[in-house]
Amino acid sequence: MRSGNAVGSTPKASISHDHPVLCSAWKDDGTTVFSGGCDKQAKMWPLLSGGQPMTVAMHDAPIKELAWIPEMNLWVTGSWDKTMKYWDTRQPNPAHTQALPDRCYALTVRYLLLVVGTAERSLVVFNLQNRQTEFKRITSSLKYQTRCVAAFPDQQGFLVGSIEGRVGVHHLNDSRQSKNFTFKCHRDGTEIYSVNSLNFHPVHHTFATESEVKGKPRVGTSGRK
């Protein structure tokens with residue numbers, strides 16, 4: 001994994017895992033990067049202080065997703081070992097281990113909302129005020145494997161993207177279920193591309209979808225929730 005700036009292509013620093021890296025995330029103050037992958041561990045890299053990367057989390061299978069939660073001063077990891085763990089970087093053991101229905105494929109946090117997408121199209125929703133209890137479990141409206149999720153800026157729902165080039169819009173409030181819908185994207189004739197990432201604009205709250213066409217990133221048209 002490499003760190004640089006937006007000007008130039010030469011990295012300023014780099015670290016490595018023993019096996020492929022599957023995920024990474026910045027701490028909100030920009031001082032630290034977390035990374036996880038197929039070596040079943042996550043590392044913390046204190047960039048600004050110039051410190052050495054250190055292993056700060058372990059799972060029994062590859063770590064597929066991780067995220068920093070600044071409001072709780074915790075970070076969370078999701079693994080193919082069918083667990084999600086919350087970590088305090090000052091402690092060697094997880095603050096809490098949450099069983100998942102299947103392997104973690106995607107994760108999104110927008111305090112107080114956390115959503116995990118697992119194998120078999122399960123979407124598990126948590127209210128972080130009570131992180132040890134599932135708030136709701138949903139079966140994805142998409143027919144194929146979940147690839148990514150993104151919480152609404154107002155925490156009232158989330159997006160889910162699949163390997164079939166389709167996005168689902170889910171509202172959490174039962175009174176707004178009629179507002180749920182799906183749409184196709186990242187298709188070129190008979191070619192269908194996975195939706196790899198979903199991201200909301202921090203000001204306008206429009207969102208963008210990202211895929212890959214012949215090895216090159218491709219960003220789709222933004223939409224409004």
# chains A, B, ... in the order shown; residues from 1 in each chain; ligands from 1
>>> closest_atom_pairs(of="range 122-217 of chain A", to="range 96-105 of chain A", cutoff="7 Å", atoms="only C-alpha atoms", output="Markdown table")
| residue | atom | partner | partner_atom | distance |
| --- | --- | --- | --- | --- |
| A:Gln132 | CA | A:Gln98 | CA | 6.7 |
| A:Thr146 | CA | A:Tyr105 | CA | 6.8 |
| A:Arg147 | CA | A:Tyr105 | CA | 6.4 |
>>> write_last_selection(atoms="N, CA and C atoms", output="PDB file, in the first residue's frame")
ATOM      1  N   GLN A 132     -24.476  -3.901  19.924  1.00  0.00           N
ATOM      2  CA  GLN A 132     -24.431  -5.340  20.152  1.00  0.00           C
ATOM      3  C   GLN A 132     -25.697  -6.061  19.693  1.00  0.00           C
ATOM      4  N   THR A 146     -23.877  -9.050  -3.363  1.00  0.00           N
ATOM      5  CA  THR A 146     -23.612  -7.675  -2.938  1.00  0.00           C
ATOM      6  C   THR A 146     -22.131  -7.358  -3.095  1.00  0.00           C
ATOM      7  N   ARG A 147     -21.865  -6.174  -3.665  1.00  0.00           N
ATOM      8  CA  ARG A 147     -20.484  -5.742  -3.867  1.00  0.00           C
ATOM      9  C   ARG A 147     -20.119  -4.546  -2.985  1.00  0.00           C
TER      10      ARG A 147
END
>>> residues_around(residues="Ala150 in chain A", least_positions_apart="6", cutoff="10 Å", atoms="only C-alpha atoms", output="PyMOL selection string")
chain A and resi 106-110+114-116+157-161+169+197-200+207
>>> select_by_dssp(residues="range 3-186 of chain A", states="helix (DSSP H, G or I)", output="PDB file with C-alpha atoms, in the first residue's frame")
ATOM      1  CA  ALA A 119     -22.897 -13.477   1.369  1.00  0.00           C
ATOM      2  CA  GLU A 120     -26.331 -14.801   0.390  1.00  0.00           C
ATOM      3  CA  ARG A 121     -27.555 -11.187  -0.113  1.00  0.00           C
ATOM      4  CA  LEU A 128     -24.561   2.245  16.948  1.00  0.00           C
ATOM      5  CA  GLN A 129     -26.226   3.425  20.146  1.00  0.00           C
ATOM      6  CA  ASN A 130     -26.826  -0.302  20.709  1.00  0.00           C
ATOM      7  CA  ASP A 174     -41.400   1.150   7.242  1.00  0.00           C
ATOM      8  CA  SER A 175     -43.579   4.035   6.048  1.00  0.00           C
ATOM      9  CA  ARG A 176     -41.133   4.743   3.191  1.00  0.00           C
ATOM     10  CA  GLN A 177     -40.816   1.227   1.776  1.00  0.00           C
ATOM     11  CA  SER A 178     -42.789   2.288  -1.298  1.00  0.00           C
ATOM     12  CA  LYS A 179     -39.897   4.659  -2.100  1.00  0.00           C
TER      13      LYS A 179
END
>>> closest_residue(among="A:Ser16, A:Thr83, A:Thr133, A:Asn73", to="Ala42 in chain A", atoms="only C-alpha atoms")
A:Ser16
>>> residues_around(residues="range 67-69 of chain A", least_positions_apart="2", cutoff="10 Å", atoms="only C-alpha atoms", output="PyMOL selection string")
chain A and resi 23-28+33-35+65+71-78+86-87+107-112+114+128
>>> write_last_selection(atoms="C-alpha atoms", output="PDB file, in the first residue's frame")
ATOM      1  CA  CYS A  23      -9.481  -2.701   2.161  1.00  0.00           C
ATOM      2  CA  SER A  24      -8.143   0.544   3.593  1.00  0.00           C
ATOM      3  CA  ALA A  25      -9.521   3.597   5.384  1.00  0.00           C
ATOM      4  CA  TRP A  26      -8.291   6.951   6.685  1.00  0.00           C
ATOM      5  CA  LYS A  27      -8.754   8.208  10.195  1.00  0.00           C
ATOM      6  CA  ASP A  28     -10.913  11.351  10.065  1.00  0.00           C
ATOM      7  CA  VAL A  33      -4.343   4.846   7.594  1.00  0.00           C
ATOM      8  CA  PHE A  34      -5.778   1.416   8.394  1.00  0.00           C
ATOM      9  CA  SER A  35      -5.472  -1.531   5.991  1.00  0.00           C
ATOM     10  CA  GLU A  65     -13.856  -4.280   5.054  1.00  0.00           C
ATOM     11  CA  GLU A  71     -17.817   9.656  17.037  1.00  0.00           C
ATOM     12  CA  MET A  72     -16.952   6.522  19.026  1.00  0.00           C
ATOM     13  CA  ASN A  73     -13.155   6.666  18.700  1.00  0.00           C
ATOM     14  CA  LEU A  74     -13.358   3.080  17.462  1.00  0.00           C
ATOM     15  CA  TRP A  75     -12.799   1.344  14.199  1.00  0.00           C
ATOM     16  CA  VAL A  76     -14.585  -1.682  12.854  1.00  0.00           C
ATOM     17  CA  THR A  77     -13.481  -4.648  10.753  1.00  0.00           C
ATOM     18  CA  GLY A  78     -15.613  -7.116   8.807  1.00  0.00           C
ATOM     19  CA  TYR A  86     -14.936  -3.114  17.011  1.00  0.00           C
ATOM     20  CA  TRP A  87     -11.456  -2.000  18.070  1.00  0.00           C
ATOM     21  CA  LEU A 107     -19.666  -2.317   5.067  1.00  0.00           C
ATOM     22  CA  THR A 108     -20.687   1.319   5.481  1.00  0.00           C
ATOM     23  CA  VAL A 109     -20.858   3.640   8.504  1.00  0.00           C
ATOM     24  CA  ARG A 110     -22.625   6.976   8.866  1.00  0.00           C
ATOM     25  CA  TYR A 111     -23.041   7.483  12.596  1.00  0.00           C
ATOM     26  CA  LEU A 112     -25.443   6.257  14.035  1.00  0.00           C
ATOM     27  CA  LEU A 114     -23.901   0.895  10.216  1.00  0.00           C
ATOM     28  CA  LEU A 128     -24.561   2.245  16.948  1.00  0.00           C
TER      29      LEU A 128
END
>>> closest_residue(among="A:Pro70, A:Val125, A:Asp29, A:Thr89", to="Met44 in chain A", atoms="only C-alpha atoms")
A:Thr89
